[in-house]
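**Q** Compact mmCIF, C-alpha atoms, saved as model-v2.txt, coming up:
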```txt
# COMPACT_ATOMS: atom_id res chain seq x y z
CA MET A 56 -4.38 3.42 -24.63
CA GLU A 57 -7.84 4.90 -25.26
CA GLU A 58 -9.11 1.50 -26.31
CA LEU A 59 -7.87 -0.02 -23.06
CA LEU A 60 -9.41 2.71 -20.95
CA GLU A 61 -12.73 2.57 -22.82
CA LYS A 62 -12.90 -1.18 -22.31
CA PHE A 63 -12.51 -0.85 -18.57
CA ARG A 64 -14.69 2.25 -18.30
CA GLU A 65 -17.56 -0.05 -19.19
CA HIS A 66 -16.87 -1.84 -15.91
CA TYR A 67 -16.61 1.50 -14.12
CA GLN A 68 -20.09 2.43 -15.33
CA LYS A 69 -21.44 -0.76 -13.75
CA MET A 70 -19.68 -0.22 -10.43
CA PRO A 71 -22.17 0.11 -7.54
CA GLU A 72 -22.21 3.31 -5.52
CA PHE A 73 -20.10 3.35 -2.39
CA LYS A 74 -21.76 1.83 0.64
CA ARG A 75 -20.01 1.60 3.96
CA PRO A 76 -19.86 -2.07 5.06
CA THR A 77 -22.30 -2.72 7.88
CA ASN A 78 -20.73 -5.84 9.36
CA LEU A 79 -17.37 -4.42 10.44
CA GLU A 80 -17.81 -5.46 14.08
CA ASN A 81 -17.82 -9.07 12.88
CA TYR A 82 -14.16 -8.57 12.01
CA ARG A 83 -13.19 -7.27 15.44
CA THR A 84 -11.79 -10.65 16.42
CA PRO A 85 -8.28 -11.65 17.51
CA GLU A 86 -7.83 -13.58 14.26
CA ASP A 87 -8.79 -10.66 12.01
CA LEU A 88 -6.86 -8.07 14.03
CA LYS A 89 -3.76 -10.26 13.77
CA THR A 90 -4.33 -10.57 10.03
CA ILE A 91 -4.55 -6.78 9.71
CA PHE A 92 -1.39 -6.42 11.81
CA SER A 93 0.41 -8.79 9.42
CA CYS A 94 -0.63 -6.55 6.49
CA ILE A 95 0.96 -3.39 7.89
CA ASP A 96 3.80 -1.63 6.09
CA LEU A 97 5.32 -0.05 9.20
CA THR A 98 6.40 3.34 7.93
CA THR A 99 8.63 6.23 8.88
CA LEU A 100 8.91 9.00 6.30
CA LYS A 101 9.81 12.08 8.30
CA THR A 102 12.11 14.92 7.36
CA THR A 103 13.89 14.28 10.66
CA ASP A 104 14.63 10.60 9.94
CA SER A 105 18.29 9.64 10.22
CA ALA A 106 20.31 6.44 10.02
CA ASN A 107 20.21 6.23 13.81
CA SER A 108 16.47 6.82 14.07
CA VAL A 109 15.74 4.21 11.40
CA GLU A 110 18.06 1.74 13.19
CA ASP A 111 16.05 2.34 16.37
CA PHE A 112 12.82 1.88 14.39
CA CYS A 113 14.03 -1.50 13.12
CA GLU A 114 15.29 -2.59 16.54
CA LYS A 115 11.82 -2.06 17.96
CA LEU A 116 10.52 -4.66 15.52
CA ASN A 117 13.30 -7.06 16.47
CA SER A 118 12.48 -6.55 20.15
CA PHE A 119 8.78 -7.06 19.52
CA HIS A 120 9.47 -10.38 17.79
CA GLN A 121 11.60 -11.53 20.71
CA LEU A 122 9.01 -10.51 23.30
CA TYR A 123 5.97 -11.82 21.42
CA PRO A 124 7.09 -14.61 19.08
CA GLU A 125 3.50 -15.88 18.89
CA MET A 126 2.42 -12.67 17.17
CA PRO A 127 2.67 -12.24 13.39
CA LEU A 128 5.21 -9.78 12.09
CA VAL A 129 4.23 -6.74 10.06
CA SER A 130 4.56 -7.26 6.33
CA ALA A 131 7.20 -4.61 5.63
CA VAL A 132 9.13 -1.68 6.97
CA CYS A 133 9.01 1.32 4.62
CA VAL A 134 11.58 4.16 4.66
CA TYR A 135 13.32 6.63 2.39
CA PRO A 136 15.73 4.98 -0.09
CA VAL A 137 18.85 6.37 1.56
CA PHE A 138 18.12 4.06 4.50
CA ALA A 139 17.80 0.83 2.48
CA SER A 140 21.12 -0.45 3.82
CA VAL A 141 19.88 0.09 7.39
CA LEU A 142 16.89 -2.16 6.69
CA LYS A 143 19.15 -4.83 5.24
CA SER A 144 21.51 -4.81 8.22
CA ARG A 145 18.88 -4.54 10.95
CA LEU A 146 16.08 -6.75 9.59
CA SER A 147 18.10 -9.58 8.05
CA LYS A 148 16.86 -12.12 10.61
CA LEU A 149 13.18 -11.28 10.19
CA ASP A 150 10.80 -12.35 7.42
CA VAL A 151 9.84 -8.74 6.72
CA LYS A 152 9.97 -6.93 3.39
CA ARG A 153 12.40 -4.02 3.09
CA ALA A 154 10.36 -1.35 1.30
CA VAL A 155 11.46 2.10 0.17
CA VAL A 156 9.71 5.01 -1.46
CA SER A 157 11.53 5.96 -4.62
CA ALA A 158 11.51 7.77 -7.98
CA GLY A 159 11.22 11.30 -6.68
CA PHE A 160 8.82 10.58 -3.83
CA PRO A 161 6.49 12.21 -2.89
CA SER A 162 5.94 14.39 -5.98
CA ALA A 163 7.54 12.23 -8.72
CA GLN A 164 8.76 15.49 -10.23
CA THR A 165 12.18 14.48 -11.49
CA PHE A 166 13.80 12.96 -14.57
CA LEU A 167 12.90 9.40 -15.51
CA ASP A 168 16.55 8.30 -15.70
CA LEU A 169 17.05 9.57 -12.15
CA LYS A 170 13.91 7.75 -11.01
CA VAL A 171 15.37 4.51 -12.37
CA LYS A 172 18.83 5.17 -10.90
CA GLU A 173 17.44 5.99 -7.46
CA THR A 174 15.33 2.85 -7.51
CA LEU A 175 18.15 0.57 -8.63
CA LYS A 176 20.53 2.04 -6.06
CA ALA A 177 18.00 1.34 -3.32
CA LEU A 178 17.79 -2.27 -4.51
CA ASP A 179 21.57 -2.54 -4.54
CA LEU A 180 21.60 -1.32 -0.94
CA GLY A 181 19.12 -3.95 0.18
CA ALA A 182 15.55 -2.88 -0.57
CA ASN A 183 13.26 -5.57 -1.95
CA GLU A 184 10.00 -3.63 -2.43
CA ILE A 185 9.53 -0.29 -4.18
CA ASP A 186 6.78 2.33 -3.77
CA ILE A 187 6.63 5.04 -6.44
CA VAL A 188 4.21 7.86 -7.24
CA LEU A 189 2.33 8.04 -10.51
CA SER A 190 3.10 11.27 -12.41
CA VAL A 191 -0.08 13.00 -11.32
CA GLY A 192 0.37 16.20 -13.30
CA GLU A 193 0.90 14.33 -16.56
CA PHE A 194 -2.11 12.15 -15.80
CA LEU A 195 -4.39 15.12 -15.14
CA GLU A 196 -3.26 16.67 -18.44
CA GLY A 197 -4.32 13.48 -20.24
CA ASN A 198 -0.77 12.36 -21.06
CA TYR A 199 -1.60 8.75 -20.28
CA GLU A 200 1.10 7.25 -22.51
CA VAL A 201 3.78 9.20 -20.63
CA VAL A 202 2.43 7.98 -17.30
CA MET A 203 2.31 4.38 -18.47
CA GLU A 204 5.75 4.41 -20.04
CA GLU A 205 7.33 5.77 -16.86
CA ILE A 206 5.85 2.99 -14.77
CA LYS A 207 6.72 0.35 -17.38
CA THR A 208 10.31 1.58 -17.54
CA ILE A 209 10.77 1.39 -13.77
CA LYS A 210 9.07 -2.00 -13.56
CA SER A 211 11.24 -3.34 -16.38
CA ALA A 212 14.35 -2.14 -14.55
CA ILE A 213 13.47 -3.89 -11.27
CA GLY A 214 12.10 -7.14 -12.70
CA ASP A 215 10.35 -9.38 -10.18
CA VAL A 216 10.71 -6.94 -7.28
CA HIS A 217 7.25 -5.84 -6.11
CA LEU A 218 6.31 -2.41 -7.41
CA LYS A 219 3.59 -0.41 -5.64
CA VAL A 220 2.26 2.56 -7.61
CA ILE A 221 0.82 5.40 -5.55
CA LEU A 222 -2.12 7.03 -7.32
CA GLU A 223 -2.29 10.02 -4.93
CA THR A 224 -6.05 9.73 -4.98
CA GLY A 225 -6.59 13.00 -3.09
CA ALA A 226 -5.23 14.90 -6.09
CA LEU A 227 -7.21 13.04 -8.74
CA VAL A 228 -10.41 15.07 -8.36
CA ASN A 229 -12.99 12.36 -9.04
CA SER A 230 -13.64 8.63 -8.99
CA GLN A 231 -13.28 8.11 -12.73
CA ASN A 232 -9.76 9.54 -12.58
CA ILE A 233 -8.96 7.17 -9.73
CA TRP A 234 -10.31 4.29 -11.81
CA ASP A 235 -8.36 5.28 -14.94
CA ALA A 236 -5.15 5.80 -12.95
CA ALA A 237 -5.58 2.36 -11.42
CA ILE A 238 -6.09 0.74 -14.84
CA ILE A 239 -3.07 2.50 -16.35
CA SER A 240 -0.88 1.50 -13.42
CA MET A 241 -1.95 -2.13 -13.56
CA ALA A 242 -1.50 -2.24 -17.34
CA ALA A 243 2.01 -0.83 -16.88
CA GLY A 244 2.96 -3.66 -14.53
CA ALA A 245 2.15 -2.48 -11.01
CA ASP A 246 2.06 -5.34 -8.50
CA PHE A 247 0.11 -3.15 -6.07
CA ILE A 248 -1.85 0.05 -6.44
CA LYS A 249 -1.71 2.37 -3.44
CA THR A 250 -3.91 5.27 -2.40
CA SER A 251 -1.65 8.00 -1.14
CA THR A 252 1.71 9.35 -0.08
CA GLY A 253 0.22 10.76 3.11
CA LYS A 254 1.61 14.16 2.08
CA ILE A 255 -1.59 15.47 0.43
CA ASN A 256 -5.08 15.81 1.90
CA PRO A 257 -7.29 13.97 1.60
CA ALA A 258 -5.10 10.89 1.90
CA ALA A 259 -6.70 7.44 1.97
CA THR A 260 -10.50 7.50 1.84
CA PRO A 261 -13.01 4.64 1.88
CA GLU A 262 -14.47 5.89 -1.40
CA ALA A 263 -11.08 5.73 -3.13
CA VAL A 264 -10.41 2.21 -1.85
CA TRP A 265 -13.90 1.21 -3.01
CA VAL A 266 -13.08 2.36 -6.56
CA MET A 267 -9.61 0.81 -6.53
CA SER A 268 -10.96 -2.51 -5.25
CA HIS A 269 -13.53 -2.66 -8.05
CA ALA A 270 -10.84 -1.75 -10.60
CA ILE A 271 -8.64 -4.59 -9.31
CA LYS A 272 -11.58 -6.96 -9.49
CA ALA A 273 -12.33 -6.00 -13.10
CA TRP A 274 -8.65 -6.25 -14.02
CA SER A 275 -8.28 -9.69 -12.44
CA GLU A 276 -11.44 -11.05 -14.07
CA ASN A 277 -10.44 -9.75 -17.51
CA THR A 278 -6.70 -10.48 -17.53
CA GLY A 279 -6.24 -13.23 -14.96
CA ARG A 280 -3.52 -11.14 -13.28
CA ILE A 281 -3.60 -10.54 -9.54
CA VAL A 282 -2.82 -7.03 -8.29
CA GLY A 283 -2.67 -6.01 -4.64
CA LEU A 284 -4.09 -2.94 -2.91
CA LYS A 285 -2.38 -0.73 -0.34
CA ALA A 286 -4.30 1.84 1.66
CA ALA A 287 -2.04 4.51 3.14
CA GLY A 288 -2.30 7.97 4.59
CA GLY A 289 -4.04 8.88 7.84
CA ILE A 290 -4.93 5.32 8.87
CA SER A 291 -4.22 5.15 12.58
CA THR A 292 -7.06 3.48 14.51
CA THR A 293 -8.42 -0.04 14.59
CA ASP A 294 -11.75 1.31 13.33
CA ASP A 295 -9.98 2.85 10.33
CA ALA A 296 -8.24 -0.41 9.55
CA LEU A 297 -11.41 -2.48 9.92
CA LEU A 298 -13.18 -0.23 7.43
CA TYR A 299 -10.55 -0.72 4.72
CA PHE A 300 -10.21 -4.40 5.54
CA GLY A 301 -13.99 -4.76 5.28
CA ILE A 302 -14.18 -3.01 1.90
CA VAL A 303 -11.49 -5.24 0.43
CA LYS A 304 -13.06 -8.36 1.92
CA GLN A 305 -16.51 -7.39 0.59
CA ILE A 306 -15.38 -6.63 -2.96
CA LEU A 307 -12.37 -8.86 -3.54
CA GLY A 308 -13.01 -11.64 -1.04
CA ASN A 309 -11.05 -13.38 1.68
CA GLU A 310 -8.33 -14.37 -0.77
CA TRP A 311 -7.22 -10.71 -0.95
CA CYS A 312 -7.00 -10.30 2.82
CA ILE A 313 -3.41 -11.49 3.05
CA PRO A 314 -0.11 -9.56 3.00
CA ASP A 315 0.66 -10.62 -0.57
CA ARG A 316 -2.49 -8.80 -1.76
CA PHE A 317 -3.43 -6.23 0.89
CA ARG A 318 -1.33 -3.72 2.79
CA ILE A 319 -1.92 -0.78 5.09
CA GLY A 320 0.78 1.85 5.23
CA ALA A 321 0.89 3.24 8.76
CA SER A 322 3.06 4.46 11.59
CA ARG A 323 0.61 4.63 14.52
CA LEU A 324 -1.80 1.82 13.64
CA ALA A 325 0.36 -1.01 15.03
CA ASN A 326 0.20 0.36 18.58
CA ASN A 327 -3.57 0.86 18.45
CA LEU A 328 -4.13 -2.62 17.06
CA LEU A 329 -2.00 -4.11 19.82
CA GLY A 330 -4.00 -2.24 22.45
CA ASP A 331 -7.34 -3.44 21.09
CA LEU A 332 -6.07 -6.97 20.53
CA GLY A 333 -4.86 -7.04 24.13
CA LYS A 334 -8.33 -6.09 25.35
CA LEU A 335 -9.89 -8.94 23.36
CA GLU A 336 -7.38 -11.51 24.59
CA GLY A 337 -6.99 -10.23 28.15
CA LYS A 338 -3.33 -9.56 27.51
CA ASP A 339 -1.16 -6.52 28.09
CA PHE A 340 1.14 -5.78 25.17
CA ASP A 341 3.60 -3.64 27.08
CA PHE A 342 5.15 -2.33 23.88
CA SER A 343 5.17 0.74 21.68
CA PHE A 344 6.54 1.12 18.16
```
What would the structure in this file look like if it were written as structure tokens?
**A**
Amino acid sequence: MEELLEKFREHYQKMPEFKRPTNLENYRTPEDLKTIFSCIDLTTLKTTDSANSVEDFCEKLNSFHQLYPEMPLVSAVCVYPVFASVLKSRLSKLDVKRAVVSAGFPSAQTFLDLKVKETLKALDLGANEIDIVLSVGEFLEGNYEVVMEEIKTIKSAIGDVHLKVILETGALVNSQNIWDAAIISMAAGADFIKTSTGKINPAATPEAVWVMSHAIKAWSENTGRIVGLKAAGGISTTDDALLYFGIVKQILGNEWCIPDRFRIGASRLANNLLGDLGKLEGKDFDFSF
């Protein structure tokens, strides 16, 4: 493990300092806003969620597709695992991923066998993407092997199903920890690395996505394996989304700006994107998620 981390820390040392992209207004086009919309994991993770409320949440997406078939769909709908069967029944006619948070979300503080069982049960009920949280406490104590083995065990159990590993960057103290957590997660089999649960402040930050993007770039160049990036937590405006989109585009290139490689976890962003897209196209999206 130390050898792996030392190898990639050499790339970390060469990483340029964070600089906010200056050309973000160039991406405020109908094409790019639609691309960002297609990268959204439309999310509801409230204590007050119920089967009925999640059904209503899904029906809004069905209604949107019927009203605006020319618009791209969001990439996924993300809910608690107990509602996986609702996603399967309500989204079966849409080409949208059925994502759940699992494995003791949002703290990851439970037994590994229960993390696996919860995840497999969600898959049995219809989920086809899984978001889990890295064991942050173990990571901060330097127990990197424990962290890696947990992720590897869950990934082995779910096979080809996409696994997104949440680093909880707001709890990781500094950029080197974010980098190391990203490398460990990718080495353990993560298909995506994700910033945050949205339950801890700060949640997603441009600086964290900058570090994660450079880690993904180094990993891809050294292993040939593609890993996606998901920014989540507090992203609600078009300006927010353009910033993260711009960072990924600048560091990883246009080939990462697709739903298979870039996601934004959000609940309010879709409505704001639609409003701004309508202004650009002279169209009124009379709709609210």
**Q** For a test of reading the model, state the distance in Å between CA of Pro314 in chain A and CA of Asn107 in chain A, rounded to one decimal.
**A** 27.9 Å
**Q** Would you mind telling me which residue in A:Asp331, A:Lys249, A:Val282, A:Met203 lies nearest to Glu310 in chain A when using all atoms listed in the file?
**A**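 Closest to Glu310 in chain A, using all atoms listed in the file: A:Val282.
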**Q** Taking only C-alpha atoms into account, name the residue in A:Glu173, A:Glu223, A:Asp96, A:Val141 that is nearest to Pro161 in chain A.
**A**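 Closest to Pro161 in chain A, using only C-alpha atoms: A:Glu223.
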**Q** What gap, in Å, lies between CA of Ala212 in chain A and CA of Val155 in chain A?
**A**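 Distance reported for this atom pair: 15.6 Å.
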**Q** What does the distance between CA of Phe160 in chain A and CA of Phe344 in chain A come to in Å, to one decimal place?
**A**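 Atom-to-atom, CA of Phe160 in chain A to CA of Phe344 in chain A, that is 24.0 Å.
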**Q** So which one's closest to Asp111 in chain A, A:Asn256, A:Ser130, A:Asn326, A:Thr99? Using all atoms listed in the file, please.
**A**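 The answer is A:Thr99, which sits nearest to Asp111 in chain A.
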**Q** Find the residues around Ala139 in chain A up to 7 Å (only C-alpha atoms counted), leave out those fewer than 6 positions away in its own chain, and share them as a list in words.
**A**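 The residues satisfying every condition are Val155, Ala177, Leu180, Gly181 and Ala182 of chain A.
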**Q** Using all atoms listed in the file, which residue out of A:Glu262, A:Glu65, A:Glu114, A:Asp235 lies closest to Tyr299 in chain A?
**A**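 Of A:Glu262, A:Glu65, A:Glu114, A:Asp235, the one nearest Tyr299 in chain A, counting all atoms listed in the file, is A:Glu262.
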**Q** Residues at most 12 Å from Glu193 in chain A, counting all atoms listed in the file, excluding those fewer than 6 positions away in the same chain, as a PDB file with C-alpha atoms, keeping the file's coordinate frame?
**A**
```
ATOM      1  CA  SER A 162       5.940  14.390  -5.980  1.00  0.00           C
ATOM      2  CA  ALA A 163       7.540  12.230  -8.720  1.00  0.00           C
ATOM      3  CA  GLN A 164       8.760  15.490 -10.230  1.00  0.00           C
ATOM      4  CA  TYR A 199      -1.600   8.750 -20.280  1.00  0.00           C
ATOM      5  CA  GLU A 200       1.100   7.250 -22.510  1.00  0.00           C
ATOM      6  CA  VAL A 201       3.780   9.200 -20.630  1.00  0.00           C
ATOM      7  CA  VAL A 202       2.430   7.980 -17.300  1.00  0.00           C
ATOM      8  CA  MET A 203       2.310   4.380 -18.470  1.00  0.00           C
ATOM      9  CA  GLU A 204       5.750   4.410 -20.040  1.00  0.00           C
ATOM     10  CA  GLU A 205       7.330   5.770 -16.860  1.00  0.00           C
ATOM     11  CA  LEU A 227      -7.210  13.040  -8.740  1.00  0.00           C
ATOM     12  CA  ALA A 236      -5.150   5.800 -12.950  1.00  0.00           C
TER      13      ALA A 236
END
```
**Q** Let me make sure I understand: among A:Trp265, A:Phe340, A:Phe247, A:Phe138, which one has the smallest atom-to-atom distance to Lys74 in chain A if we use only C-alpha atoms?
**A**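 Using only C-alpha atoms, the shortest distance to Lys74 in chain A belongs to A:Trp265.
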**Q** Put a box with edges along x, y and z around all the listed atoms of range 300-312 of chain A, pad it by 5 Å on each side, then give me its centre and sizes in Å, one decimal, as lines of an AutoDock Vina configuration file.
**A**
```
center_x = -11.8
center_y = -8.7
center_z = 1.0
size_x = 19.5
size_y = 21.4
size_z = 19.1
```
**Q** For Trp234 in chain A, which residue out of A:Gly330, A:Met56, A:Tyr67, A:Glu125 is the nearest one, using all atoms listed in the file?
**A**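 Using all atoms listed in the file, Trp234 in chain A sits closest to A:Tyr67.
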**Q** Would you mind listing what lies within 8 Å of Ala273 in chain A as number ranges by chain, with all atoms listed in the file counted and same-chain residues fewer than 4 positions away left out?
**A** A: 63, 66, 269, 277
**Q** Write the residues you've just listed into a file as a compact mmCIF listing (two decimals), in the coordinates of the input, and include C-alpha atoms for each of them.
**A**
```
# COMPACT_ATOMS: atom_id res chain seq x y z
CA PHE A 63 -12.51 -0.85 -18.57
CA HIS A 66 -16.87 -1.84 -15.91
CA HIS A 269 -13.53 -2.66 -8.05
CA ASN A 277 -10.44 -9.75 -17.51
```
**Q** Pick out the residues sitting within 12 Å of Thr174 in chain A, and hand them over as a ChimeraX atom specification; count all atoms listed in the file, and ignore anything fewer than 5 positions along from it in its own chain.
**A** /A:135-137,139,154-160,167-169,179-187,206,208-214,216-218
**Q** Please determine the residues with any atom at most 12 Å from (-22.8, -0.9, 9.9) (coordinates as given in the file, with only C-alpha atoms counting) and report them as a PyMOL selection string.
**A** chain A and resi 74-82+294+297-298+301-302
**Q** Could all heavy atoms be built for range 330-341 of chain A and written out as a PDB file, in the coordinates of the input?
**A**
```pdb
ATOM      1  N   GLY A 330      -3.183  -2.568  21.286  1.00  0.00           N
ATOM      2  CA  GLY A 330      -4.000  -2.240  22.450  1.00  0.00           C
ATOM      3  C   GLY A 330      -5.363  -2.894  22.389  1.00  0.00           C
ATOM      4  O   GLY A 330      -5.838  -3.473  23.378  1.00  0.00           O
ATOM      5  N   ASP A 331      -6.007  -2.844  21.228  1.00  0.00           N
ATOM      6  CA  ASP A 331      -7.340  -3.440  21.090  1.00  0.00           C
ATOM      7  C   ASP A 331      -7.288  -4.958  21.079  1.00  0.00           C
ATOM      8  O   ASP A 331      -8.197  -5.625  21.593  1.00  0.00           O
ATOM      9  CB  ASP A 331      -8.011  -2.918  19.816  1.00  0.00           C
ATOM     10  CG  ASP A 331      -8.425  -1.459  19.946  1.00  0.00           C
ATOM     11  OD1 ASP A 331      -8.647  -1.009  21.087  1.00  0.00           O
ATOM     12  OD2 ASP A 331      -8.510  -0.759  18.921  1.00  0.00           O
ATOM     13  N   LEU A 332      -6.238  -5.515  20.506  1.00  0.00           N
ATOM     14  CA  LEU A 332      -6.070  -6.970  20.530  1.00  0.00           C
ATOM     15  C   LEU A 332      -5.863  -7.445  21.963  1.00  0.00           C
ATOM     16  O   LEU A 332      -6.418  -8.477  22.380  1.00  0.00           O
ATOM     17  CB  LEU A 332      -4.890  -7.371  19.655  1.00  0.00           C
ATOM     18  CG  LEU A 332      -4.563  -8.862  19.568  1.00  0.00           C
ATOM     19  CD1 LEU A 332      -5.750  -9.644  19.005  1.00  0.00           C
ATOM     20  CD2 LEU A 332      -3.321  -9.078  18.700  1.00  0.00           C
ATOM     21  N   GLY A 333      -5.082  -6.677  22.736  1.00  0.00           N
ATOM     22  CA  GLY A 333      -4.860  -7.040  24.130  1.00  0.00           C
ATOM     23  C   GLY A 333      -6.154  -7.069  24.923  1.00  0.00           C
ATOM     24  O   GLY A 333      -6.363  -7.952  25.766  1.00  0.00           O
ATOM     25  N   LYS A 334      -7.045  -6.118  24.656  1.00  0.00           N
ATOM     26  CA  LYS A 334      -8.330  -6.090  25.350  1.00  0.00           C
ATOM     27  C   LYS A 334      -9.152  -7.336  25.029  1.00  0.00           C
ATOM     28  O   LYS A 334      -9.821  -7.901  25.897  1.00  0.00           O
ATOM     29  CB  LYS A 334      -9.111  -4.841  24.961  1.00  0.00           C
ATOM     30  CG  LYS A 334      -8.492  -3.548  25.466  1.00  0.00           C
ATOM     31  CD  LYS A 334      -9.251  -2.344  24.926  1.00  0.00           C
ATOM     32  CE  LYS A 334      -8.571  -1.040  25.318  1.00  0.00           C
ATOM     33  NZ  LYS A 334      -9.259   0.143  24.733  1.00  0.00           N
ATOM     34  N   LEU A 335      -9.113  -7.768  23.769  1.00  0.00           N
ATOM     35  CA  LEU A 335      -9.890  -8.940  23.360  1.00  0.00           C
ATOM     36  C   LEU A 335      -9.322 -10.220  23.968  1.00  0.00           C
ATOM     37  O   LEU A 335     -10.076 -11.142  24.311  1.00  0.00           O
ATOM     38  CB  LEU A 335      -9.898  -9.068  21.834  1.00  0.00           C
ATOM     39  CG  LEU A 335     -10.714  -8.040  21.061  1.00  0.00           C
ATOM     40  CD1 LEU A 335     -10.488  -8.213  19.557  1.00  0.00           C
ATOM     41  CD2 LEU A 335     -12.195  -8.169  21.385  1.00  0.00           C
ATOM     42  N   GLU A 336      -8.020 -10.282  24.105  1.00  0.00           N
ATOM     43  CA  GLU A 336      -7.380 -11.510  24.590  1.00  0.00           C
ATOM     44  C   GLU A 336      -7.022 -11.459  26.065  1.00  0.00           C
ATOM     45  O   GLU A 336      -6.467 -12.422  26.601  1.00  0.00           O
ATOM     46  CB  GLU A 336      -6.117 -11.782  23.770  1.00  0.00           C
ATOM     47  CG  GLU A 336      -6.389 -12.084  22.308  1.00  0.00           C
ATOM     48  CD  GLU A 336      -5.170 -12.628  21.564  1.00  0.00           C
ATOM     49  OE1 GLU A 336      -4.039 -12.195  21.872  1.00  0.00           O
ATOM     50  OE2 GLU A 336      -5.354 -13.505  20.687  1.00  0.00           O
ATOM     51  N   GLY A 337      -7.351 -10.353  26.733  1.00  0.00           N
ATOM     52  CA  GLY A 337      -6.990 -10.230  28.150  1.00  0.00           C
ATOM     53  C   GLY A 337      -5.495 -10.229  28.365  1.00  0.00           C
ATOM     54  O   GLY A 337      -4.984 -10.799  29.336  1.00  0.00           O
ATOM     55  N   LYS A 338      -4.804  -9.560  27.482  1.00  0.00           N
ATOM     56  CA  LYS A 338      -3.330  -9.560  27.510  1.00  0.00           C
ATOM     57  C   LYS A 338      -2.858  -8.105  27.450  1.00  0.00           C
ATOM     58  O   LYS A 338      -3.477  -7.258  26.826  1.00  0.00           O
ATOM     59  CB  LYS A 338      -2.809 -10.315  26.291  1.00  0.00           C
ATOM     60  CG  LYS A 338      -1.315 -10.455  26.204  1.00  0.00           C
ATOM     61  CD  LYS A 338      -0.907 -11.123  24.906  1.00  0.00           C
ATOM     62  CE  LYS A 338      -1.457 -12.511  24.765  1.00  0.00           C
ATOM     63  NZ  LYS A 338      -0.962 -13.199  23.525  1.00  0.00           N
ATOM     64  N   ASP A 339      -1.744  -7.850  28.112  1.00  0.00           N
ATOM     65  CA  ASP A 339      -1.160  -6.520  28.090  1.00  0.00           C
ATOM     66  C   ASP A 339       0.089  -6.532  27.225  1.00  0.00           C
ATOM     67  O   ASP A 339       1.120  -7.091  27.609  1.00  0.00           O
ATOM     68  CB  ASP A 339      -0.802  -6.066  29.515  1.00  0.00           C
ATOM     69  CG  ASP A 339      -0.201  -4.663  29.539  1.00  0.00           C
ATOM     70  OD1 ASP A 339      -0.366  -3.944  28.524  1.00  0.00           O
ATOM     71  OD2 ASP A 339       0.439  -4.322  30.535  1.00  0.00           O
ATOM     72  N   PHE A 340      -0.039  -5.944  26.024  1.00  0.00           N
ATOM     73  CA  PHE A 340       1.140  -5.780  25.170  1.00  0.00           C
ATOM     74  C   PHE A 340       1.879  -4.541  25.650  1.00  0.00           C
ATOM     75  O   PHE A 340       1.557  -3.415  25.257  1.00  0.00           O
ATOM     76  CB  PHE A 340       0.731  -5.632  23.699  1.00  0.00           C
ATOM     77  CG  PHE A 340       0.230  -6.901  23.078  1.00  0.00           C
ATOM     78  CD1 PHE A 340      -1.129  -7.123  22.914  1.00  0.00           C
ATOM     79  CD2 PHE A 340       1.127  -7.881  22.646  1.00  0.00           C
ATOM     80  CE1 PHE A 340      -1.593  -8.286  22.337  1.00  0.00           C
ATOM     81  CE2 PHE A 340       0.666  -9.050  22.049  1.00  0.00           C
ATOM     82  CZ  PHE A 340      -0.707  -9.253  21.910  1.00  0.00           C
ATOM     83  N   ASP A 341       2.840  -4.756  26.506  1.00  0.00           N
ATOM     84  CA  ASP A 341       3.600  -3.640  27.080  1.00  0.00           C
ATOM     85  C   ASP A 341       4.680  -3.251  26.084  1.00  0.00           C
ATOM     86  O   ASP A 341       5.882  -3.522  26.267  1.00  0.00           O
ATOM     87  CB  ASP A 341       4.223  -4.056  28.407  1.00  0.00           C
ATOM     88  CG  ASP A 341       4.895  -2.889  29.112  1.00  0.00           C
ATOM     89  OD1 ASP A 341       4.605  -1.739  28.751  1.00  0.00           O
ATOM     90  OD2 ASP A 341       5.722  -3.142  30.020  1.00  0.00           O
TER      91      ASP A 341
END
```
